[in-house]
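Next up, run_6.cif (mmCIF, C-alpha atoms, pLDDT in the B column; chains and numbers go by the auth columns):
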data_my_file
loop_
_atom_site.group_PDB
_atom_site.id
_atom_site.type_symbol
_atom_site.label_atom_id
_atom_site.label_comp_id
_atom_site.label_asym_id
_atom_site.label_seq_id
_atom_site.Cartn_x
_atom_site.Cartn_y
_atom_site.Cartn_z
_atom_site.B_iso_or_equiv
_atom_site.auth_seq_id
_atom_site.auth_asym_id
ATOM 1 C CA MET A 1 -27.974 14.496 141.440 78.00 237 A
ATOM 2 C CA ASN A 2 -24.844 16.236 140.203 88.00 238 A
ATOM 3 C CA ILE A 3 -22.195 13.903 138.773 94.00 239 A
ATOM 4 C CA ASN A 4 -18.713 14.896 139.890 91.00 240 A
ATOM 5 C CA ILE A 5 -16.551 14.805 136.746 94.00 241 A
ATOM 6 C CA ASP A 6 -13.268 16.716 136.520 94.00 242 A
ATOM 7 C CA PHE A 7 -13.242 17.609 132.844 96.00 243 A
ATOM 8 C CA SER A 8 -10.076 19.707 133.266 94.00 244 A
ATOM 9 C CA GLU A 9 -7.939 16.544 133.155 96.00 245 A
ATOM 10 C CA TYR A 10 -8.915 16.193 129.471 97.00 246 A
ATOM 11 C CA LYS A 11 -7.441 19.569 128.450 97.00 247 A
ATOM 12 C CA GLN A 12 -4.163 17.789 127.695 97.00 248 A
ATOM 13 C CA TYR A 13 -5.829 16.091 124.699 97.00 249 A
ATOM 14 C CA LEU A 14 -7.201 19.259 123.107 98.00 250 A
ATOM 15 C CA LYS A 15 -5.553 20.823 120.069 97.00 251 A
ATOM 16 C CA THR A 16 -5.773 24.601 119.720 97.00 252 A
ATOM 17 C CA LYS A 17 -4.296 27.173 117.403 97.00 253 A
ATOM 18 C CA LYS A 18 -4.344 30.913 116.882 96.00 254 A
ATOM 19 C CA GLU A 19 -4.871 32.608 113.544 96.00 255 A
ATOM 20 C CA GLY A 20 -4.731 36.375 113.644 96.00 256 A
ATOM 21 C CA GLU A 21 -6.715 37.425 116.698 96.00 257 A
ATOM 22 C CA LYS A 22 -8.893 34.291 116.824 96.00 258 A
ATOM 23 C CA TYR A 23 -8.354 31.055 118.713 97.00 259 A
ATOM 24 C CA TYR A 24 -9.520 27.732 117.336 98.00 260 A
ATOM 25 C CA ILE A 25 -9.983 24.260 118.793 98.00 261 A
ATOM 26 C CA PHE A 26 -9.886 21.006 116.849 98.00 262 A
ATOM 27 C CA ASP A 27 -13.078 18.956 116.839 97.00 263 A
ATOM 28 C CA PRO A 28 -12.122 15.288 116.262 96.00 264 A
ATOM 29 C CA ILE A 29 -15.687 14.361 115.322 96.00 265 A
ATOM 30 C CA ARG A 30 -16.180 17.052 112.671 96.00 266 A
ATOM 31 C CA LYS A 31 -12.457 16.735 111.816 96.00 267 A
ATOM 32 C CA LYS A 32 -11.874 20.481 111.625 96.00 268 A
ATOM 33 C CA TYR A 33 -10.873 23.485 113.687 97.00 269 A
ATOM 34 C CA VAL A 34 -13.755 25.588 115.015 97.00 270 A
ATOM 35 C CA ILE A 35 -13.734 28.942 116.796 96.00 271 A
ATOM 36 C CA LEU A 36 -12.888 28.479 120.454 97.00 272 A
ATOM 37 C CA GLN A 37 -15.758 29.774 122.547 96.00 273 A
ATOM 38 C CA ALA A 38 -16.633 28.923 126.138 96.00 274 A
ATOM 39 C CA GLU A 39 -19.371 26.436 125.183 96.00 275 A
ATOM 40 C CA GLU A 40 -17.167 24.838 122.527 97.00 276 A
ATOM 41 C CA LEU A 41 -14.448 24.242 125.115 97.00 277 A
ATOM 42 C CA VAL A 42 -16.950 22.409 127.329 97.00 278 A
ATOM 43 C CA ARG A 43 -18.160 20.358 124.350 97.00 279 A
ATOM 44 C CA GLN A 44 -14.641 19.283 123.388 98.00 280 A
ATOM 45 C CA LEU A 45 -13.796 18.327 126.979 98.00 281 A
ATOM 46 C CA VAL A 46 -17.001 16.287 127.205 98.00 282 A
ATOM 47 C CA LEU A 47 -16.210 14.545 123.905 98.00 283 A
ATOM 48 C CA GLU A 48 -12.770 13.549 125.205 97.00 284 A
ATOM 49 C CA TYR A 49 -14.356 12.197 128.398 97.00 285 A
ATOM 50 C CA LEU A 50 -17.013 10.224 126.501 97.00 286 A
ATOM 51 C CA VAL A 51 -14.474 8.626 124.166 97.00 287 A
ATOM 52 C CA ARG A 52 -11.600 8.084 126.619 96.00 288 A
ATOM 53 C CA ASP A 53 -13.449 7.215 129.854 95.00 289 A
ATOM 54 C CA ARG A 54 -16.900 6.014 128.854 96.00 290 A
ATOM 55 C CA GLY A 55 -15.830 4.021 125.777 95.00 291 A
ATOM 56 C CA TYR A 56 -17.950 5.649 123.068 96.00 292 A
ATOM 57 C CA SER A 57 -16.763 5.239 119.497 95.00 293 A
ATOM 58 C CA LYS A 58 -16.121 8.441 117.557 96.00 294 A
ATOM 59 C CA ASN A 59 -17.933 6.721 114.677 95.00 295 A
ATOM 60 C CA HIS A 60 -21.173 6.747 116.706 96.00 296 A
ATOM 61 C CA ILE A 61 -20.999 10.423 117.679 97.00 297 A
ATOM 62 C CA GLN A 62 -22.434 13.415 115.851 94.00 298 A
ATOM 63 C CA VAL A 63 -21.807 17.027 116.819 96.00 299 A
ATOM 64 C CA GLU A 64 -24.213 19.879 116.031 89.00 300 A
ATOM 65 C CA ARG A 65 -26.788 17.455 114.641 83.00 301 A
ATOM 66 C CA LEU A 66 -29.686 19.206 112.904 78.00 302 A
ATOM 67 C CA PHE A 67 -33.243 18.101 113.659 76.00 303 A
ATOM 68 C CA THR A 68 -36.748 19.566 113.781 73.00 304 A
ATOM 69 C CA VAL A 69 -38.911 20.334 116.812 70.00 305 A
ATOM 70 C CA ASN A 70 -42.426 21.639 116.053 75.00 306 A
ATOM 71 C CA THR A 71 -41.337 22.749 112.545 79.00 307 A
ATOM 72 C CA ARG A 72 -38.345 24.657 113.989 79.00 308 A
ATOM 73 C CA ARG A 73 -34.830 23.607 113.076 83.00 309 A
ATOM 74 C CA LYS A 74 -32.571 22.957 116.070 79.00 310 A
ATOM 75 C CA ARG A 75 -29.038 21.702 116.670 85.00 311 A
ATOM 76 C CA CYS A 76 -28.008 19.465 119.534 86.00 312 A
ATOM 77 C CA ASP A 77 -24.472 19.628 120.873 93.00 313 A
ATOM 78 C CA ILE A 78 -23.650 15.915 120.990 96.00 314 A
ATOM 79 C CA LEU A 79 -25.758 12.964 119.867 95.00 315 A
ATOM 80 C CA ILE A 80 -24.502 9.413 120.305 96.00 316 A
ATOM 81 C CA PHE A 81 -25.992 6.435 118.479 94.00 317 A
ATOM 82 C CA ASP A 82 -26.052 2.827 119.674 93.00 318 A
ATOM 83 C CA ALA A 83 -24.829 -0.197 117.706 91.00 319 A
ATOM 84 C CA ASP A 84 -28.180 -0.307 115.853 92.00 320 A
ATOM 85 C CA THR A 85 -27.706 3.366 114.853 91.00 321 A
ATOM 86 C CA LEU A 86 -30.563 4.490 117.097 92.00 322 A
ATOM 87 C CA PRO A 87 -30.171 7.749 119.056 93.00 323 A
ATOM 88 C CA TYR A 88 -28.908 6.690 122.482 95.00 324 A
ATOM 89 C CA LEU A 89 -27.426 9.622 124.409 96.00 325 A
ATOM 90 C CA LEU A 90 -28.095 13.334 123.990 95.00 326 A
ATOM 91 C CA VAL A 91 -25.679 15.856 125.507 96.00 327 A
ATOM 92 C CA GLU A 92 -26.388 19.557 125.886 95.00 328 A
ATOM 93 C CA CYS A 93 -23.363 21.677 126.750 96.00 329 A
ATOM 94 C CA LYS A 94 -23.381 25.158 128.229 95.00 330 A
ATOM 95 C CA ALA A 95 -20.549 27.562 128.905 96.00 331 A
ATOM 96 C CA ALA A 96 -19.108 27.320 132.423 94.00 332 A
ATOM 97 C CA THR A 97 -20.708 30.672 133.279 95.00 333 A
ATOM 98 C CA ILE A 98 -24.221 29.444 132.409 94.00 334 A
ATOM 99 C CA PRO A 99 -25.926 27.787 135.385 95.00 335 A
ATOM 100 C CA ILE A 100 -27.878 24.567 134.884 94.00 336 A
ATOM 101 C CA THR A 101 -31.479 25.554 135.606 92.00 337 A
ATOM 102 C CA GLN A 102 -34.987 24.336 134.893 89.00 338 A
ATOM 103 C CA ASP A 103 -34.847 26.285 131.609 89.00 339 A
ATOM 104 C CA THR A 104 -31.806 24.303 130.455 88.00 340 A
ATOM 105 C CA PHE A 105 -33.537 21.051 131.428 86.00 341 A
ATOM 106 C CA ASP A 106 -36.622 22.173 129.495 84.00 342 A
ATOM 107 C CA GLN A 107 -34.451 22.830 126.426 85.00 343 A
ATOM 108 C CA ILE A 108 -32.962 19.328 126.354 87.00 344 A
ATOM 109 C CA ALA A 109 -36.395 17.817 127.088 83.00 345 A
ATOM 110 C CA ARG A 110 -37.861 19.656 124.059 81.00 346 A
ATOM 111 C CA TYR A 111 -34.998 18.343 121.919 82.00 347 A
ATOM 112 C CA ASN A 112 -35.693 14.848 123.155 86.00 348 A
ATOM 113 C CA LEU A 113 -39.328 15.054 122.015 80.00 349 A
ATOM 114 C CA ALA A 114 -37.946 14.810 118.483 80.00 350 A
ATOM 115 C CA LEU A 115 -35.084 12.403 119.187 86.00 351 A
ATOM 116 C CA GLY A 116 -36.472 9.999 121.802 89.00 352 A
ATOM 117 C CA VAL A 117 -33.139 9.033 123.364 93.00 353 A
ATOM 118 C CA PRO A 118 -33.016 6.943 126.548 95.00 354 A
ATOM 119 C CA TYR A 119 -30.269 9.062 128.191 96.00 355 A
ATOM 120 C CA LEU A 120 -29.889 12.833 128.589 95.00 356 A
ATOM 121 C CA VAL A 121 -26.761 14.629 129.801 96.00 357 A
ATOM 122 C CA LEU A 122 -26.641 18.307 130.666 96.00 358 A
ATOM 123 C CA THR A 123 -23.372 20.001 131.641 96.00 359 A
ATOM 124 C CA ASN A 124 -21.602 23.324 131.906 96.00 360 A
ATOM 125 C CA GLY A 125 -18.307 21.578 132.616 96.00 361 A
ATOM 126 C CA THR A 126 -18.666 22.089 136.366 95.00 362 A
ATOM 127 C CA THR A 127 -22.164 20.815 137.025 96.00 363 A
ATOM 128 C CA THR A 128 -23.250 17.665 135.186 97.00 364 A
ATOM 129 C CA TYR A 129 -26.533 15.772 135.291 96.00 365 A
ATOM 130 C CA CYS A 130 -27.497 12.542 133.570 96.00 366 A
ATOM 131 C CA CYS A 131 -30.951 11.055 133.548 94.00 367 A
ATOM 132 C CA GLN A 132 -32.506 7.947 132.100 94.00 368 A
ATOM 133 C CA MET A 133 -35.795 8.512 130.333 90.00 369 A
ATOM 134 C CA ASN A 134 -38.819 6.252 130.554 87.00 370 A
ATOM 135 C CA HIS A 135 -40.838 7.231 127.496 81.00 371 A
ATOM 136 C CA GLU A 136 -43.744 4.920 128.373 85.00 372 A
ATOM 137 C CA THR A 137 -44.397 6.570 131.739 84.00 373 A
ATOM 138 C CA GLU A 138 -43.053 9.973 130.613 77.00 374 A
ATOM 139 C CA SER A 139 -40.740 10.043 133.612 81.00 375 A
ATOM 140 C CA TYR A 140 -37.017 10.155 134.270 86.00 376 A
ATOM 141 C CA GLN A 141 -34.513 9.062 136.880 92.00 377 A
ATOM 142 C CA PHE A 142 -31.257 10.842 137.700 92.00 378 A
ATOM 143 C CA LEU A 143 -28.184 8.611 137.464 95.00 379 A
ATOM 144 C CA GLU A 144 -24.927 8.633 139.423 95.00 380 A
ATOM 145 C CA ASP A 145 -22.840 8.371 136.245 95.00 381 A
ATOM 146 C CA ILE A 146 -23.024 8.556 132.481 96.00 382 A
ATOM 147 C CA PRO A 147 -23.674 5.109 130.936 96.00 383 A
ATOM 148 C CA LEU A 148 -20.753 3.287 129.357 94.00 384 A
ATOM 149 C CA GLY A 149 -20.504 3.011 125.584 90.00 385 A
ATOM 150 C CA GLU A 150 -21.181 -0.283 123.859 74.00 386 A
ATOM 151 C CA ASP A 151 -17.961 -0.316 121.873 54.00 387 A
#

Serialized structure, C-alpha cells:
Amino acid sequence: MNINIDFSEYKQYLKTKKEGEKYYIFDPIRKKYVILQAEELVRQLVLEYLVRDRGYSKNHIQVERLFTVNTRRKRCDILIFDADTLPYLLVECKAATIPITQDTFDQIARYNLALGVPYLVLTNGTTTYCCQMNHETESYQFLEDIPLGED
C-alpha cells in the first residue's frame, strides 16, 4: 500500500549552496553540508517530513548509521530511536529514478535483521511504503501512514 506523501512541499526548508561546480545540501542531523545527489535530496525531504509532520525529534534521529549484517558493514539512511533509545523506525531512501521493487524491500529487510526495528519505511520520494514488523511471527503489515513520533 503506497502512502501518498507530497515531499515537494518540504523543499522550502532545504538549504543548498554551490561551491565551484558542485552543489551541496545542508543536513540538519549531521549539521553539515553534503554533496547534493538525487538520493540525498530524497533523504533530506524525508527528514523534514519526519520532523515537521510526524513529530520526530532531531535528537532521536541518526543519518548514515553504521552497523553490521553477517560481518559486512552497512549504512542505513535514517534510523530513529524511541524515548528508551531503542531503534524504532528505519528509513531507506532511493533516488526518484530508482523504482521500489522486491530487491529494495529485501535490502531493508536484511538491514532490519541486525537492527530489529518495529517500523520500516522505503521511499524514492514518489512511492513510499511503511510496514509494521512482527518479529515473533516473522511477518509484516503495510500501514496507511508513517507512525507519529513520541516527542

Just so the selection is clear, what residues does the PyMOL selection byres ((chain A and resi 334-339) around 9) cover here, as number ranges by chain? A: 330-333, 340-344, 358-360, 363-365

What would the selection look like, as a VMD selection string, if the PyMOL selection byres ((chain A and resi 295) around 10) were run on the coordinates I just shared? chain A and resid 265 292 to 294 296 to 298 316 to 317

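Distances from A:Asp263, A:Asp289, A:Asp242, A:Glu328 to Val357 of chain A were compared using only C-alpha atoms, and the smallest one belongs to A:Glu328.
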
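Of the listed residues A:Ala319, A:Lys254, A:Ile271, A:Arg266, the one whose atoms come nearest to Glu386 of chain A is A:Ala319, with distances taken using only C-alpha atoms.
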
Give as a PyMOL selection string the set of residues within 12 Å of the point (-11.8, 18.0, 131.5), where distances use the file's coordinates and only C-alpha atoms. chain A and resi 240-250+277-286+288-289+332+359-362

For this structure, which residues satisfy the selection - the PyMOL selection byres ((chain A and resi 261) around 6) - when it is evaluated on the file as given? I want them as a VMD selection string. chain A and resid 251 to 252 260 262 269 to 270 272

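In terms of minimum interatomic distance to Arg308 of chain A, A:Arg346 ranks closest within A:Arg346, A:Leu322, A:Cys329, A:Gly291, counting all atoms listed in the file.
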
Test item: which residues lie within 7 Å of (-27.0, 13.4, 130.8) counting all atoms listed in the file, as a PyMOL selection string: chain A and resi 326-327+355-358+365-367+382

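Here atom CA of Phe303 of chain A is placed at a distance of 21.2 Å from atom CA of Glu374 of chain A.
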